[in-house]
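Below is one structure, written out as structure tokens; the observations come after it.
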Number of protein chains: 4
Amino acid sequence: MSQARASKWYIEYAAPSLGHMHGIDGIIVSRQTQFQKVDILKTNVYGKALALDEKMQSTQEDEFIYHEALVHPAMIAHPAPRSVFIVGGGEGATLREALRHPTVERAVMVDIDDQVISLSREHLPEWHQGAFDDPRAEVISTDARKYLEESKEIFDVIITDLSEPVEEGPAYLLYTREFYKIACDHLSPGGTISVQAGSAAHPFLLAFSSVYQTMRTAFPTVRGFSVNIPSFGLPWGFTLASKGVDPLSMSREVVDRVLAERGLSDLRFYDGLAHQGIFGLPRHIRAGLDSANLIIEDNHPIFTYH
Amino acid sequence: MSQARASKWYIEYAAPSLGHMHGIDGIIVSRQTQFQKVDILKTNVYGKALALDEKMQSTQEDEFIYHEALVHPAMIAHPAPRSVFIVGGGEGATLREALRHPTVERAVMVDIDDQVISLSREHLPEWHQGAFDDPRAEVISTDARKYLEESKEIFDVIITDLSEPVEEGPAYLLYTREFYKIACDHLSPGGTISVQAGSAAHPFLLAFSSVYQTMRTAFPTVRGFSVNIPSFGLPWGFTLASKGVDPLSMSREVVDRVLAERGLSDLRFYDGLAHQGIFGLPRHIRAGLDSANLIIEDNHPIFTYH
Amino acid sequence: MSQARASKWYIEYAAPSLGHMHGIDGIIVSRQTQFQKVDILKTNVYGKALALDEKMQSTQEDEFIYHEALVHPAMIAHPAPRSVFIVGGGEGATLREALRHPTVERAVMVDIDDQVISLSREHLPEWHQGAFDDPRAEVISTDARKYLEESKEIFDVIITDLSEPVEEGPAYLLYTREFYKIACDHLSPGGTISVQAGSAAHPFLLAFSSVYQTMRTAFPTVRGFSVNIPSFGLPWGFTLASKGVDPLSMSREVVDRVLAERGLSDLRFYDGLAHQGIFGLPRHIRAGLDSANLIIEDNHPIFTYH
Amino acid sequence: MSQARASKWYIEYAAPSLGHMHGIDGIIVSRQTQFQKVDILKTNVYGKALALDEKMQSTQEDEFIYHEALVHPAMIAHPAPRSVFIVGGGEGATLREALRHPTVERAVMVDIDDQVISLSREHLPEWHQGAFDDPRAEVISTDARKYLEESKEIFDVIITDLSEPVEEGPAYLLYTREFYKIACDHLSPGGTISVQAGSAAHPFLLAFSSVYQTMRTAFPTVRGFSVNIPSFGLPWGFTLASKGVDPLSMSREVVDRVLAERGLSDLRFYDGLAHQGIFGLPRHIRAGLDSANLIIEDNHPIFTYH
């Protein structure tokens, strides 16, 4: 990490009056694809970083936090996940974490933007670590909702690793009540679904609380959790829905035991104590999630800053 | 919160290559005191904000998180805290939270900078809410370490609410092994001490881990915990040391019971579940704290960015 | 001027990829009037500053350059200006400079936004220096175009001191071919008109060159000139049209002689050599002005960044 | 030029409270050489740009202004320049402009940093345009002052194209009274010397006025002039000293005639009218230059922000 004030910066706005500045040493890729603006940057503090439509997706230094938090609680809350469906996740790290579970026999990843996948393959090997080439993995570039609608396959775990559900974004229709109905229909009994849901800071809870309430229309148990991913500049929210086990009820010991059974006691971020930490939401965040009354629908998007 | 991009900004650097930008609508105070630069700003997202030496101390919108997290775990880990000693805490909100506990008979607050106290009195009434005038409170402007050295008084809880322990800062000598020895000598059996300890993001763990290890030289039980204060732009670290109860061993139910007994079931941030959340550090943070080997001493400061 | 890096900034964008940052020590006024956003700031380098709709209008340290350049060439190019009409100019400094000419018997200033006038009166005395109270001055808050259309008065000099002619701005209809026709009709034989016309940097010449070409539809002689106003961050363009003397033909000696006759040999910015300097446009700027083919009309605005 | 707000920026500080932000699309080179930090950026507004030690040196879109202004007045003020000595000028564009004059038989360019030369050769062909390979050019990487001290060669024109003369910079000893004595000794009768001298904005006149006064210790005629190079964010100052012709006395017609004789009537920036423009300094700048009393000496640097 440099000791001299940076002169080259990536500036991201979480809101019209809130910005985060990352000193950058390089711009590896800066390109408009059919679907979004892709920047792969070399930041000074966090190493390489992927930004889509000027929103940081993950960085070399802390992507392990994001991807472990997105994947493992959902996988642990299922007793023996054999099949996984990943919506988005172009960097390949969500796939990587899912495939760590030895119970997994098949993982289907559907990201609409094949350029993000190929750029990640080339420039972000620290993310995918070969996961794209795992024989259990199938990687498809198409509309994940359409794919699911046309498929009869049932999955044990679904993970949606997408940009935030803003109106104009490519991901919006993968956050609606209608989509969660489809997802639920493709989930086995005892199945779980994990969703990246936007900022968990209380002044910016619109996306997180709307996703939480929208998922509650489709799934019997839904829990929000909050994770610190430093490069995001704000605490981050995730939702985990389940047809079976309630993740909030899983004790530290149970989580550690399941991880041990799967040979996953050496993760970098996640274990039983971390599980307690992320699900231990403070009162004001619980109140914010519970009091939200906005359901995202195909014809009813949310309007948040982006 | 404004929907138009701000043109006036407060920019704070967490590191030479990492900055946070707050859109501002007003500059209420901007002054150099004998000890530090004081800015009281009107931010667009977080309301009024106090910055000392260009480090955000607290904001109107989320100071409740900071102050509840700093005060209540230490107060709850003591069975019946009667006396409290606050080091720093010029805004008056740490005092405010301590005085909420009906067991408290006396709270001594010592902040070296009387201008911070008087500016807070005048401009930050939402913070102190009259706490300065509580008959149980004694507010003194002097060097807290000297005060404690010359005093024979014993306290149940000590809370250090200071700027970070950087070499040139006014607060450095209140973070050393020698100071914690003094503090320990002024702590009753079963006493606890809570310390604001800097960023809890793993690339910036130097202050937090050094404070943690330094406190371990003086106290039998020391625990780190991590709190999301959105305006800080990074997760924040605190340490809680105890001569009695280990706060990590306090269950959700126990915390909620003690809070109920003290009539504090309606805090905004803190309760039993939040307690689990903040003490549920992930593996990499625990590893970072445990592996640190730097002890802060009067003649051995730490060098971090500021 | 402070030697420490500022933490509070006013950031202005000349284009989506070009910004200027001014360290600020205070925000004196920040208000939305009926017509525009008004900010009166205390900048560290340039002292007090007025910004309208987030465009810097003038600063304490260099407003003398702007106002002398806007006013004196037009006044000098007229042999004995007795009456002056000022469009805009809410700070009062354009009026101040016009009234320096002892030939002036009457100066009418029409600015649509009376709040800008009253805020300037109160907070910017260094600008107006009492000009508003000069017995020769008449200051009116109304639409200047409407005023001129309804008036039969003829003026020797007209000065338009407005924000840039962007489509949505309040000033747009004071930059059109139709307006210049009206202005020309209210100008005495030998009369001159001076116009602030936007950036004179070649990548941003749209406003300047359009104003220049549009004025050429109404006046026999039109000249562009360029002035360095440091706080603007870019060289600035003005146009001077004349029914009589061509300002480009005025030698250094002639300018100095007229100034001396009027007791104005001690201006801070302007004299004969400065006159040569500002009218000595380089080849690429002359080419840019000459090759522009956009005429601003009531129904045909220009679209530039703002 | 992009219409979307940039997310990646190069930020340069002219002073601790004054910054300029350039949106960037690429970082072509970012490297520390033995002498300085070299950044070659792709800016959105100005195309490719070279920055040394975080000071913009020149950009693709407006380097023609800088290099024409630095070179041609000095060349035109000499009746028939046959030999040219260039101090610095690593991009090769100063050499390019000097070689345009058909009278030139030999041009020696000495830049201490061969990496800047080789990076410019590779990445900035729009700058040098093959000048490095002109048979009249000799390009040497060494200390220009030492080279001149050890040489007996006499030149008609010397051009110093260096970073600003700040104390720690590599260029400082090429701005001192002692250096100008050496330069004067290597200048033929009638010889001229042109120097890039820092900002020409009145709040930042220290370097320009010190260079001006220091050159006056060595040369009979010294003139300052000011040029608008938009990417610099401030007007820029140059000094031209002469053993023969006074450049301020050259009329528009004379400049145009000499240019025509040398086949240089089609320059982009410079001609007789532009000559009048750049030498037509306003009163306050002339006053600032004249009243400066700081002479830069080998043991007496100037301290300016950098």
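Order determines the names: the first chain of the structure tokens is A, the second B, and so forth; residues in each chain are numbered 1 upward, and ligands are numbered 1 upward as they are shown.
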So which residues of segment 40-178 of chain B fall under strand (DSSP E) by DSSP, listed as an MDAnalysis selection string? chainID B and resid 40:43 47:52 55:59 83:88 106:110 137:140 155:161
Please produce a file of the residues just selected, as a compact mmCIF listing (two decimals), in the first residue's frame, where the atoms kept are C-alpha atoms.
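Output contents, as saved in selection05.txt:
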```
# COMPACT_ATOMS: atom_id res chain seq x y z
CA ILE B 40 -18.76 20.92 12.76
CA LEU B 41 -20.38 20.32 9.40
CA LYS B 42 -23.87 19.89 8.05
CA THR B 43 -23.67 16.82 5.86
CA GLY B 47 -26.94 15.53 9.30
CA LYS B 48 -24.59 17.43 11.56
CA ALA B 49 -21.13 15.93 11.99
CA LEU B 50 -18.12 16.52 14.20
CA ALA B 51 -14.64 16.03 12.75
CA LEU B 52 -11.44 16.41 14.76
CA LYS B 55 -11.30 12.49 11.19
CA MET B 56 -15.04 12.00 11.47
CA GLN B 57 -15.97 11.50 15.13
CA SER B 58 -19.72 11.14 14.93
CA THR B 59 -22.77 12.29 13.00
CA SER B 83 -19.28 4.79 38.89
CA VAL B 84 -18.06 5.52 35.41
CA PHE B 85 -14.94 7.27 34.19
CA ILE B 86 -15.00 8.64 30.64
CA VAL B 87 -11.78 9.57 28.91
CA GLY B 88 -12.48 12.11 26.14
CA ARG B 106 -21.41 9.13 39.51
CA ALA B 107 -19.89 9.71 36.06
CA VAL B 108 -16.64 11.62 35.68
CA MET B 109 -15.78 12.77 32.16
CA VAL B 110 -12.34 14.21 31.46
CA ALA B 137 -22.05 14.01 36.05
CA GLU B 138 -18.75 15.79 36.67
CA VAL B 139 -17.16 17.24 33.53
CA ILE B 140 -13.52 18.28 33.72
CA PHE B 155 -14.49 3.09 39.04
CA ASP B 156 -16.68 0.25 37.89
CA VAL B 157 -16.47 1.13 34.21
CA ILE B 158 -13.95 3.13 32.24
CA ILE B 159 -14.72 4.25 28.71
CA THR B 160 -12.10 5.79 26.45
CA ASP B 161 -13.71 7.75 23.66
```
Do you have, as CSV, the list of residues of chain C lying at most 7 Å from chain D, each with its nearest atom pair and that distance in Å to one decimal, counting only C-alpha atoms and ordered by chain then number?
```
residue,atom,partner,partner_atom,distance
C:Ser2,CA,D:Pro16,CA,6.9
C:Gln3,CA,D:Pro16,CA,6.0
C:Ala4,CA,D:Pro16,CA,5.8
C:Arg5,CA,D:Pro16,CA,4.3
C:Ala6,CA,D:Ser17,CA,5.2
C:Pro16,CA,D:Arg5,CA,4.3
C:Ser17,CA,D:Gly23,CA,4.3
C:Leu18,CA,D:His22,CA,5.0
C:Gly19,CA,D:Met21,CA,4.6
C:His20,CA,D:His20,CA,4.7
C:Met21,CA,D:Gly19,CA,4.7
C:His22,CA,D:Leu18,CA,5.0
C:Gly23,CA,D:Ser17,CA,4.3
C:Asn44,CA,D:Ser17,CA,6.2
C:Val45,CA,D:Ser17,CA,6.5
C:Ala201,CA,D:Pro230,CA,5.8
C:Asn228,CA,D:Pro235,CA,6.4
C:Pro230,CA,D:Leu234,CA,5.8
C:Gly233,CA,D:Gly233,CA,4.8
C:Leu234,CA,D:Gly233,CA,5.8
C:Pro235,CA,D:Asn228,CA,6.4
C:Arg268,CA,D:His284,CA,5.7
C:Phe269,CA,D:Arg283,CA,5.0
C:Tyr270,CA,D:Pro282,CA,6.1
C:Asp271,CA,D:Arg283,CA,7.0
C:Leu273,CA,D:Gly280,CA,5.0
C:Ala274,CA,D:Pro282,CA,4.3
C:Gln276,CA,D:Gly280,CA,5.5
C:Gly277,CA,D:Gly280,CA,3.7
C:Ile278,CA,D:Gly277,CA,6.0
C:Phe279,CA,D:Gly277,CA,6.5
C:Gly280,CA,D:Gly277,CA,3.7
C:Leu281,CA,D:Ala274,CA,5.5
C:Pro282,CA,D:Ala274,CA,4.3
C:Arg283,CA,D:Phe269,CA,5.0
C:His284,CA,D:Phe269,CA,5.6
```
What does the distance between atom CA of Asp113 of chain A and atom CA of Val29 of chain A come to in Å, to one decimal place?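 Atom CA of Val29 of chain A lies at a distance of 15.3 Å from atom CA of Asp113 of chain A.
Among the candidates C:Ala98, C:Ile182, C:Leu187, C:Ile27, the one nearest to Pro73 of chain C when counting only C-alpha atoms is C:Ala98.
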Can you check which residues of segment 150-299 of chain D DSSP gives as helix (DSSP H, G or I) on the backbone and send them as a PyMOL selection string? chain D and resi 150+172-174+177-185+202-204+206-216+230-232+247-249+252-261+272-279+283-291
Who sits within 10 Å of Gly90 of chain A, only C-alpha atoms, same chain under 6 positions skipped, as a list in words: Met109, Val110, Asp111, Ile112, Asp113, Asp114, Gln115, Val116, Ile117, Ser118, Leu119, Ser120, Arg121, Trp127, His128, Phe132, Val139, Ser141, Asp161 and Leu162 of chain A
Within 9 Å of Gln213 of chain B using only C-alpha atoms, minus same-chain residues under 6 positions, as an NGL selection string: :B and (222 or 289-290 or 292-296)
Go ahead and save the picked residues with C-alpha atoms, as a CSV table (one decimal), in the first residue's frame.
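Result file is again_3.csv:
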```csv
chain,number,residue,atom,x,y,z
B,222,VAL,CA,-9.9,-8.7,26.4
B,289,LEU,CA,-6.0,-9.5,16.2
B,290,ASP,CA,-4.4,-12.6,17.5
B,292,ALA,CA,-0.5,-8.8,16.1
B,293,ASN,CA,2.6,-8.4,18.1
B,294,LEU,CA,2.9,-4.7,18.6
B,295,ILE,CA,2.5,-3.3,22.1
B,296,ILE,CA,2.0,0.4,22.3
```
